[in-house]
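Reproduced below: work.pdb, with PDB, C-alpha atoms.
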ATOM      1  CA  ALA D   1      35.363 -19.174  11.289
ATOM      2  CA  CYS D   2      33.236 -19.383   8.133
ATOM      3  CA  TRP D   3      32.678 -15.632   8.001
ATOM      4  CA  LYS D   4      36.397 -14.838   8.351
ATOM      5  CA  THR D   5      37.119 -17.042   5.337
ATOM      6  CA  TYR D   6      34.892 -14.951   3.050
ATOM      7  CA  VAL D   7      34.959 -11.424   4.473
ATOM      8  CA  GLY D   8      37.817 -10.279   2.225
ATOM      9  CA  ARG D   9      36.087 -11.364  -0.982
ATOM     10  CA  PRO D  10      34.160  -8.932  -3.195
ATOM     11  CA  GLU D  11      30.537  -8.231  -2.212
ATOM     12  CA  THR D  12      29.341  -9.823  -5.456
ATOM     13  CA  ASP D  13      31.029 -13.131  -4.590
ATOM     14  CA  GLN D  14      28.375 -15.854  -4.163
ATOM     15  CA  PRO D  15      30.247 -17.714  -1.403
ATOM     16  CA  ARG D  16      30.473 -14.457   0.564
ATOM     17  CA  LEU D  17      26.730 -13.880   0.198
ATOM     18  CA  ALA D  18      26.064 -17.467   1.272
ATOM     19  CA  ALA D  19      28.378 -17.037   4.264
ATOM     20  CA  MET D  20      26.392 -14.001   5.396
ATOM     21  CA  THR D  21      23.200 -16.030   5.215
ATOM     22  CA  GLN D  22      24.772 -18.820   7.253
ATOM     23  CA  LEU D  23      26.092 -16.338   9.794
ATOM     24  CA  GLY D  24      22.559 -15.047  10.353
ATOM     25  CA  ASN D  25      21.211 -18.597  10.520
ATOM     26  CA  GLY D  26      23.816 -19.664  13.070
ATOM     27  CA  LEU D  27      23.313 -16.627  15.288
ATOM     28  CA  SER D  28      19.549 -17.180  15.238
ATOM     29  CA  ALA D  29      19.949 -20.863  16.017
ATOM     30  CA  VAL D  30      21.868 -20.121  19.208
ATOM     31  CA  GLY D  31      19.480 -17.380  20.319
ATOM     32  CA  ARG D  32      21.715 -14.398  19.551
ATOM     33  CA  HIS D  33      18.884 -12.565  17.840
ATOM     34  CA  GLU D  34      20.272  -9.030  18.099
ATOM     35  CA  ASP D  35      23.494 -10.189  16.448
ATOM     36  CA  ALA D  36      21.479 -12.109  13.864
ATOM     37  CA  LEU D  37      19.540  -8.916  13.153
ATOM     38  CA  SER D  38      22.773  -7.076  12.321
ATOM     39  CA  ALA D  39      23.863  -9.899  10.017
ATOM     40  CA  ARG D  40      20.446 -10.095   8.311
ATOM     41  CA  GLU D  41      20.269  -6.335   7.757
ATOM     42  CA  ALA D  42      23.809  -6.281   6.344
ATOM     43  CA  GLU D  43      23.008  -9.222   4.068
ATOM     44  CA  LEU D  44      19.875  -7.573   2.702
ATOM     45  CA  SER D  45      21.656  -4.263   2.217
ATOM     46  CA  MET D  46      24.519  -5.929   0.364
ATOM     47  CA  LYS D  47      22.192  -7.948  -1.877
ATOM     48  CA  ARG D  48      20.325  -4.797  -2.829
ATOM     49  CA  ARG D  49      23.564  -2.878  -3.377
ATOM     50  CA  VAL D  50      25.102  -5.491  -5.694
ATOM     51  CA  GLY D  51      21.877  -6.040  -7.651
ATOM     52  CA  ALA D  52      21.286  -9.621  -6.563
ATOM     53  CA  PRO D  53      18.435 -11.441  -8.320
ATOM     54  CA  GLU D  54      15.005 -10.557  -6.948
ATOM     55  CA  HIS D  55      14.383 -14.040  -5.510
ATOM     56  CA  GLN D  56      17.575 -13.738  -3.435
ATOM     57  CA  VAL D  57      16.469 -10.349  -2.094
ATOM     58  CA  LEU D  58      13.056 -11.803  -1.206
ATOM     59  CA  ILE D  59      14.707 -14.695   0.655
ATOM     60  CA  ALA D  60      16.876 -12.244   2.598
ATOM     61  CA  GLN D  61      13.776 -10.204   3.474
ATOM     62  CA  GLY D  62      12.009 -13.361   4.651
ATOM     63  CA  ASN D  63      14.990 -14.260   6.840
ATOM     64  CA  LEU D  64      14.979 -10.736   8.267
ATOM     65  CA  ALA D  65      11.253 -11.090   9.022
ATOM     66  CA  CYS D  66      12.002 -14.282  10.968
ATOM     67  CA  THR D  67      14.604 -12.438  13.006
ATOM     68  CA  TYR D  68      12.198  -9.574  13.701
ATOM     69  CA  ASP D  69       9.718 -12.219  14.845
ATOM     70  CA  ASP D  70      12.328 -13.717  17.186
ATOM     71  CA  LEU D  71      12.742 -10.224  18.674
ATOM     72  CA  GLY D  72       8.975  -9.639  19.025
ATOM     73  CA  ARG D  73       8.955  -6.795  16.505
ATOM     74  CA  VAL D  74       5.565  -7.697  15.036
ATOM     75  CA  ALA D  75       4.956  -4.477  13.082
ATOM     76  CA  GLU D  76       8.211  -4.945  11.164
ATOM     77  CA  VAL D  77       7.387  -8.619  10.634
ATOM     78  CA  LEU D  78       4.041  -7.757   9.077
ATOM     79  CA  SER D  79       5.509  -5.083   6.814
ATOM     80  CA  LEU D  80       8.210  -7.402   5.507
ATOM     81  CA  ARG D  81       5.864 -10.370   5.137
ATOM     82  CA  GLN D  82       3.519  -8.236   3.019
ATOM     83  CA  GLU D  83       6.426  -7.035   0.894
ATOM     84  CA  VAL D  84       7.811 -10.552   0.443
ATOM     85  CA  TYR D  85       4.383 -11.949  -0.455
ATOM     86  CA  SER D  86       3.747  -9.188  -3.000
ATOM     87  CA  GLY D  87       7.198  -9.563  -4.532
ATOM     88  CA  THR D  88       6.922 -13.339  -4.719
ATOM     89  CA  LEU D  89       3.447 -13.092  -6.259
ATOM     90  CA  LYS D  90       4.781 -10.724  -8.911
ATOM     91  CA  LEU D  91       7.847 -12.880  -9.557
ATOM     92  CA  HIS D  92       6.231 -16.338  -9.633
ATOM     93  CA  GLY D  93       2.458 -15.907  -9.958
ATOM     94  CA  GLU D  94      -0.390 -17.233  -7.792
ATOM     95  CA  GLU D  95       0.203 -20.952  -8.152
ATOM     96  CA  HIS D  96       3.859 -21.267  -7.218
ATOM     97  CA  TYR D  97       5.046 -22.997  -4.055
ATOM     98  CA  ASP D  98       7.017 -19.944  -2.887
ATOM     99  CA  THR D  99       4.015 -17.650  -3.363
ATOM    100  CA  LEU D 100       1.753 -19.974  -1.392
ATOM    101  CA  ARG D 101       4.317 -20.282   1.412
ATOM    102  CA  GLU D 102       4.636 -16.502   1.617
ATOM    103  CA  ALA D 103       0.845 -16.081   1.593
ATOM    104  CA  TYR D 104       0.725 -18.415   4.589
ATOM    105  CA  ASN D 105       3.492 -16.462   6.356
ATOM    106  CA  TYR D 106       1.763 -13.146   5.658
ATOM    107  CA  ALA D 107      -1.609 -14.439   6.873
ATOM    108  CA  SER D 108       0.020 -15.786  10.035
ATOM    109  CA  SER D 109       1.414 -12.315  10.740
ATOM    110  CA  LEU D 110      -2.011 -10.777  10.143
ATOM    111  CA  MET D 111      -3.508 -13.234  12.616
ATOM    112  CA  ILE D 112      -0.977 -12.341  15.319
ATOM    113  CA  LEU D 113      -2.062  -8.711  14.991
ATOM    114  CA  SER D 114      -5.779  -9.674  15.055
ATOM    115  CA  ARG D 115      -6.282  -8.374  11.519
ATOM    116  CA  PHE D 116      -8.817 -11.089  10.818
ATOM    117  CA  GLU D 117     -10.651  -9.483   7.899
ATOM    118  CA  GLU D 118      -7.417  -9.149   5.925
ATOM    119  CA  ALA D 119      -6.354 -12.681   6.822
ATOM    120  CA  LYS D 120      -9.746 -14.046   5.717
ATOM    121  CA  SER D 121      -9.556 -12.169   2.434
ATOM    122  CA  LEU D 122      -6.074 -13.492   1.703
ATOM    123  CA  MET D 123      -6.981 -17.053   2.675
ATOM    124  CA  ARG D 124     -10.170 -17.006   0.570
ATOM    125  CA  LYS D 125      -7.961 -16.327  -2.461
ATOM    126  CA  THR D 126      -5.051 -18.611  -1.672
ATOM    127  CA  VAL D 127      -6.496 -21.727  -0.001
ATOM    128  CA  PRO D 128      -8.086 -22.946  -3.254
ATOM    129  CA  LYS D 129      -4.769 -22.396  -5.054
ATOM    130  CA  ALA D 130      -2.883 -24.308  -2.349
ATOM    131  CA  ARG D 131      -5.361 -27.185  -2.539
ATOM    132  CA  GLY D 132      -4.900 -27.387  -6.299
ATOM    133  CA  VAL D 133      -1.116 -26.974  -6.385
ATOM    134  CA  LEU D 134       0.019 -28.616  -3.154
ATOM    135  CA  GLY D 135      -2.889 -30.908  -2.300
ATOM    136  CA  GLU D 136      -5.255 -31.118   0.657
ATOM    137  CA  ALA D 137      -2.775 -32.754   3.026
ATOM    138  CA  HIS D 138       0.244 -30.483   2.449
ATOM    139  CA  GLU D 139       1.441 -28.648   5.560
ATOM    140  CA  ILE D 140       1.060 -25.224   3.913
ATOM    141  CA  THR D 141      -2.490 -25.998   2.774
ATOM    142  CA  LEU D 142      -3.369 -27.248   6.261
ATOM    143  CA  GLY D 143      -1.786 -24.181   7.863
ATOM    144  CA  MET D 144      -3.749 -21.882   5.558
ATOM    145  CA  MET D 145      -6.989 -23.675   6.385
ATOM    146  CA  GLN D 146      -6.176 -23.395  10.087
ATOM    147  CA  ASN D 147      -5.504 -19.650   9.701
ATOM    148  CA  TYR D 148      -8.800 -19.221   7.885
ATOM    149  CA  ALA D 149     -10.714 -21.198  10.502
ATOM    150  CA  MET D 150      -9.111 -19.230  13.336
ATOM    151  CA  ALA D 151      -9.847 -15.931  11.584
ATOM    152  CA  LEU D 152     -13.503 -16.930  11.298
ATOM    153  CA  TYR D 153     -13.602 -18.038  14.920
ATOM    154  CA  MET D 154     -11.824 -14.968  16.314
ATOM    155  CA  ASP D 155     -13.582 -12.346  14.175
ATOM    156  CA  ASP D 156     -16.737 -11.149  15.912
ATOM    157  CA  GLY D 157     -17.904  -9.760  12.566
ATOM    158  CA  ALA D 158     -17.693 -13.092  10.708
ATOM    159  CA  THR D 159     -20.859 -14.142   8.900
ATOM    160  CA  LEU D 160     -22.236 -17.307   7.372
ATOM    161  CA  ASP D 161     -21.228 -15.923   3.987
ATOM    162  CA  ASP D 162     -17.599 -16.182   5.113
ATOM    163  CA  LEU D 163     -18.031 -19.958   5.302
ATOM    164  CA  ARG D 164     -19.072 -20.257   1.676
TER     165      ARG D 164
END
Could you render the structure as structure tokens?
Amino acid sequence: ACWKTYVGRPETDQPRLAAMTQLGNGLSAVGRHEDALSAREAELSMKRRVGAPEHQVLIAQGNLACTYDDLGRVAEVLSLRQEVYSGTLKLHGEEHYDTLREAYNYASSLMILSRFEEAKSLMRKTVPKARGVLGEAHEITLGMMQNYAMALYMDDGATLDDLR
């Protein structure tokens, strides 16, 4: 019902853009991931077409990455996570909550693909930032430390220098 209310509005209309986001969220929530994928792709395409602010495009890309993850499309997840992390880093800098969250998401995708060296490198740079900005006990900081520990554990090439 929500979508039908806004579909006739111009593409630049904020409520229409928000309705597209909610449509994707709702479809994902009920397990209709293929339908959610169509909604997410349309949302991202429309945001790019209308020149939406960069942070809105990055959010749409992150939502699309979640949907790819729901569908088991790990290569697409990794590509988008890297793009979202890089864009967020450029937009907000190293010590912003959004950048740290996206670093965690990107590292998690690297871990799924057993790309431990890249995950370790990213975590070596971002864990200290997360500790300073978010604190030791924040869920993102803890998740980053867990990713780093798992990368060390799983990587046969890990050395004692990696612990320092």
Exercise for the section: Using only C-alpha atoms, find the one residue out of D:Met150, D:Leu37, D:Val84, D:Met46 that sits nearest to Gly62 (chain D). Expected result: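 Once distances to Gly62 (chain D) are computed over only C-alpha atoms, the minimum belongs to D:Val84.
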Handout entry: Picked residues, the PyMOL selection byres ((chain D and resi 133) around 8), as an MDAnalysis selection string
Key = chainID D and resid 95:97 129:132 134:135
Handout entry: Nearest residue to Leu113 (chain D) from the set D:Met154, D:Ala60, D:Ala65, D:Ala52 (distances using only C-alpha atoms)
Key = D:Met154
Exercise for the section: One decimal, Å: what's the distance from CA of Asp155 (chain D) over to CA of Thr88 (chain D), could you say? Expected result: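 Separation between CA of Asp155 (chain D) and CA of Thr88 (chain D): 27.9 Å.
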Exercise for the section: Write out as an NGL selection string which residues come within 7 Å of Phe116 (chain D) when counting all atoms listed in the file, dropping same-chain ones fewer than 4 positions away. Expected result: :D and (110-111 or 120 or 151 or 155)
Handout entry: Which of D:Ala42, D:Leu142, D:Leu71, D:Ala119 sits closest to Val57 (chain D) [using all atoms listed in the file]
Key =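 Looking at the shortest contact to Val57 (chain D), the residue is D:Ala42.
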Practice task
Counting all atoms listed in the file, note down every residue that has an atom within 10 Å of the point (7.6, -6.4, 7.6) (file coordinates), as an NGL selection string.
Solution key: :D and (61-62 or 64-66 or 68-69 or 73-84 or 106 or 109)
Exercise for the section: For Arg40 (chain D), list every protein, DNA or RNA residue within 12 Å, evaluated using only C-alpha atoms, and leave out those in the same chain fewer than 4 positions away; present the list as a PyMOL selection string. Expected result: chain D and resi 17-28+33-36+44-47+57+59-68
To test your reading of the syntax: which residues would the PyMOL selection byres ((chain D and resi 141) around 12) return for the file shown? Reply as a PDB file with C-alpha atoms, keeping the file's coordinate frame.
ATOM      1  CA  TYR D  97       5.046 -22.997  -4.055  1.00  0.00           C
ATOM      2  CA  LEU D 100       1.753 -19.974  -1.392  1.00  0.00           C
ATOM      3  CA  ARG D 101       4.317 -20.282   1.412  1.00  0.00           C
ATOM      4  CA  GLU D 102       4.636 -16.502   1.617  1.00  0.00           C
ATOM      5  CA  ALA D 103       0.845 -16.081   1.593  1.00  0.00           C
ATOM      6  CA  TYR D 104       0.725 -18.415   4.589  1.00  0.00           C
ATOM      7  CA  ASN D 105       3.492 -16.462   6.356  1.00  0.00           C
ATOM      8  CA  MET D 123      -6.981 -17.053   2.675  1.00  0.00           C
ATOM      9  CA  THR D 126      -5.051 -18.611  -1.672  1.00  0.00           C
ATOM     10  CA  VAL D 127      -6.496 -21.727  -0.001  1.00  0.00           C
ATOM     11  CA  PRO D 128      -8.086 -22.946  -3.254  1.00  0.00           C
ATOM     12  CA  LYS D 129      -4.769 -22.396  -5.054  1.00  0.00           C
ATOM     13  CA  ALA D 130      -2.883 -24.308  -2.349  1.00  0.00           C
ATOM     14  CA  ARG D 131      -5.361 -27.185  -2.539  1.00  0.00           C
ATOM     15  CA  GLY D 132      -4.900 -27.387  -6.299  1.00  0.00           C
ATOM     16  CA  VAL D 133      -1.116 -26.974  -6.385  1.00  0.00           C
ATOM     17  CA  LEU D 134       0.019 -28.616  -3.154  1.00  0.00           C
ATOM     18  CA  GLY D 135      -2.889 -30.908  -2.300  1.00  0.00           C
ATOM     19  CA  GLU D 136      -5.255 -31.118   0.657  1.00  0.00           C
ATOM     20  CA  ALA D 137      -2.775 -32.754   3.026  1.00  0.00           C
ATOM     21  CA  HIS D 138       0.244 -30.483   2.449  1.00  0.00           C
ATOM     22  CA  GLU D 139       1.441 -28.648   5.560  1.00  0.00           C
ATOM     23  CA  ILE D 140       1.060 -25.224   3.913  1.00  0.00           C
ATOM     24  CA  LEU D 142      -3.369 -27.248   6.261  1.00  0.00           C
ATOM     25  CA  GLY D 143      -1.786 -24.181   7.863  1.00  0.00           C
ATOM     26  CA  MET D 144      -3.749 -21.882   5.558  1.00  0.00           C
ATOM     27  CA  MET D 145      -6.989 -23.675   6.385  1.00  0.00           C
ATOM     28  CA  GLN D 146      -6.176 -23.395  10.087  1.00  0.00           C
ATOM     29  CA  ASN D 147      -5.504 -19.650   9.701  1.00  0.00           C
ATOM     30  CA  TYR D 148      -8.800 -19.221   7.885  1.00  0.00           C
TER      31      TYR D 148
END
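Our summary of the geometry notes that CA of Leu58 (chain D) is positioned 14.3 Å from CA of Gly93 (chain D).
CA of Ala39 (chain D) is found 18.2 Å from CA of Gly51 (chain D).
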Serialized region 88-160 of chain D w/ C-alpha atoms as a PDB file, in the first residue's frame:
ATOM      1  CA  THR D  88      32.322   6.670   3.159  1.00  0.00           C
ATOM      2  CA  LEU D  89      36.012   7.124   3.984  1.00  0.00           C
ATOM      3  CA  LYS D  90      36.272   9.857   1.361  1.00  0.00           C
ATOM      4  CA  LEU D  91      33.050  11.520   2.509  1.00  0.00           C
ATOM      5  CA  HIS D  92      33.542  11.394   6.293  1.00  0.00           C
ATOM      6  CA  GLY D  93      37.196  10.588   7.015  1.00  0.00           C
ATOM      7  CA  GLU D  94      38.761   7.804   9.103  1.00  0.00           C
ATOM      8  CA  GLU D  95      37.250   8.603  12.479  1.00  0.00           C
ATOM      9  CA  HIS D  96      33.555   8.785  11.673  1.00  0.00           C
ATOM     10  CA  TYR D  97      31.035   6.238  12.926  1.00  0.00           C
ATOM     11  CA  ASP D  98      29.779   5.455   9.407  1.00  0.00           C
ATOM     12  CA  THR D  99      33.316   4.871   8.124  1.00  0.00           C
ATOM     13  CA  LEU D 100      34.116   2.518  10.992  1.00  0.00           C
ATOM     14  CA  ARG D 101      30.862   0.600  10.480  1.00  0.00           C
ATOM     15  CA  GLU D 102      31.605   0.207   6.776  1.00  0.00           C
ATOM     16  CA  ALA D 103      35.184  -0.891   7.510  1.00  0.00           C
ATOM     17  CA  TYR D 104      33.727  -3.607   9.732  1.00  0.00           C
ATOM     18  CA  ASN D 105      31.250  -4.649   7.017  1.00  0.00           C
ATOM     19  CA  TYR D 106      33.991  -4.734   4.380  1.00  0.00           C
ATOM     20  CA  ALA D 107      36.325  -6.763   6.607  1.00  0.00           C
ATOM     21  CA  SER D 108      33.514  -9.211   7.362  1.00  0.00           C
ATOM     22  CA  SER D 109      33.041  -9.751   3.624  1.00  0.00           C
ATOM     23  CA  LEU D 110      36.780 -10.282   3.189  1.00  0.00           C
ATOM     24  CA  MET D 111      36.696 -12.885   5.948  1.00  0.00           C
ATOM     25  CA  ILE D 112      33.849 -14.807   4.303  1.00  0.00           C
ATOM     26  CA  LEU D 113      35.985 -15.084   1.169  1.00  0.00           C
ATOM     27  CA  SER D 114      39.069 -16.138   3.199  1.00  0.00           C
ATOM     28  CA  ARG D 115      40.954 -13.006   2.157  1.00  0.00           C
ATOM     29  CA  PHE D 116      42.682 -12.857   5.515  1.00  0.00           C
ATOM     30  CA  GLU D 117      45.682 -10.719   4.571  1.00  0.00           C
ATOM     31  CA  GLU D 118      43.423  -7.931   3.310  1.00  0.00           C
ATOM     32  CA  ALA D 119      41.167  -8.212   6.350  1.00  0.00           C
ATOM     33  CA  LYS D 120      44.185  -8.026   8.682  1.00  0.00           C
ATOM     34  CA  SER D 121      45.531  -4.980   6.878  1.00  0.00           C
ATOM     35  CA  LEU D 122      42.196  -3.181   7.109  1.00  0.00           C
ATOM     36  CA  MET D 123      41.702  -4.097  10.764  1.00  0.00           C
ATOM     37  CA  ARG D 124      45.242  -3.006  11.702  1.00  0.00           C
ATOM     38  CA  LYS D 125      44.329   0.470  10.433  1.00  0.00           C
ATOM     39  CA  THR D 126      40.786   0.727  11.731  1.00  0.00           C
ATOM     40  CA  VAL D 127      40.701  -1.044  15.115  1.00  0.00           C
ATOM     41  CA  PRO D 128      42.761   1.699  16.796  1.00  0.00           C
ATOM     42  CA  LYS D 129      40.436   4.328  15.303  1.00  0.00           C
ATOM     43  CA  ALA D 130      37.363   2.433  16.527  1.00  0.00           C
ATOM     44  CA  ARG D 131      38.842   2.124  20.016  1.00  0.00           C
ATOM     45  CA  GLY D 132      39.480   5.862  20.121  1.00  0.00           C
ATOM     46  CA  VAL D 133      36.182   6.999  18.595  1.00  0.00           C
ATOM     47  CA  LEU D 134      33.715   4.366  19.780  1.00  0.00           C
ATOM     48  CA  GLY D 135      35.443   2.891  22.825  1.00  0.00           C
ATOM     49  CA  GLU D 136      36.658  -0.595  23.694  1.00  0.00           C
ATOM     50  CA  ALA D 137      33.223  -2.020  24.481  1.00  0.00           C
ATOM     51  CA  HIS D 138      31.306  -0.776  21.418  1.00  0.00           C
ATOM     52  CA  GLU D 139      29.824  -3.544  19.268  1.00  0.00           C
ATOM     53  CA  ILE D 140      31.651  -2.344  16.137  1.00  0.00           C
ATOM     54  CA  THR D 141      34.996  -2.215  17.953  1.00  0.00           C
ATOM     55  CA  LEU D 142      34.398  -5.702  19.362  1.00  0.00           C
ATOM     56  CA  GLY D 143      33.370  -7.012  15.941  1.00  0.00           C
ATOM     57  CA  MET D 144      36.506  -5.551  14.365  1.00  0.00           C
ATOM     58  CA  MET D 145      38.690  -7.134  17.035  1.00  0.00           C
ATOM     59  CA  GLN D 146      36.932 -10.456  16.475  1.00  0.00           C
ATOM     60  CA  ASN D 147      37.520 -10.182  12.706  1.00  0.00           C
ATOM     61  CA  TYR D 148      41.182  -9.427  13.308  1.00  0.00           C
ATOM     62  CA  ALA D 149      41.574 -12.324  15.732  1.00  0.00           C
ATOM     63  CA  MET D 150      39.844 -14.721  13.336  1.00  0.00           C
ATOM     64  CA  ALA D 151      41.990 -13.512  10.433  1.00  0.00           C
ATOM     65  CA  LEU D 152      45.111 -14.212  12.484  1.00  0.00           C
ATOM     66  CA  TYR D 153      43.806 -17.614  13.522  1.00  0.00           C
ATOM     67  CA  MET D 154      42.663 -18.671  10.043  1.00  0.00           C
ATOM     68  CA  ASP D 155      45.657 -17.333   8.095  1.00  0.00           C
ATOM     69  CA  ASP D 156      48.359 -19.990   7.875  1.00  0.00           C
ATOM     70  CA  GLY D 157      50.817 -17.237   6.943  1.00  0.00           C
ATOM     71  CA  ALA D 158      50.211 -15.146  10.083  1.00  0.00           C
ATOM     72  CA  THR D 159      53.324 -14.249  12.057  1.00  0.00           C
ATOM     73  CA  LEU D 160      54.115 -12.942  15.509  1.00  0.00           C
TER      74      LEU D 160
END
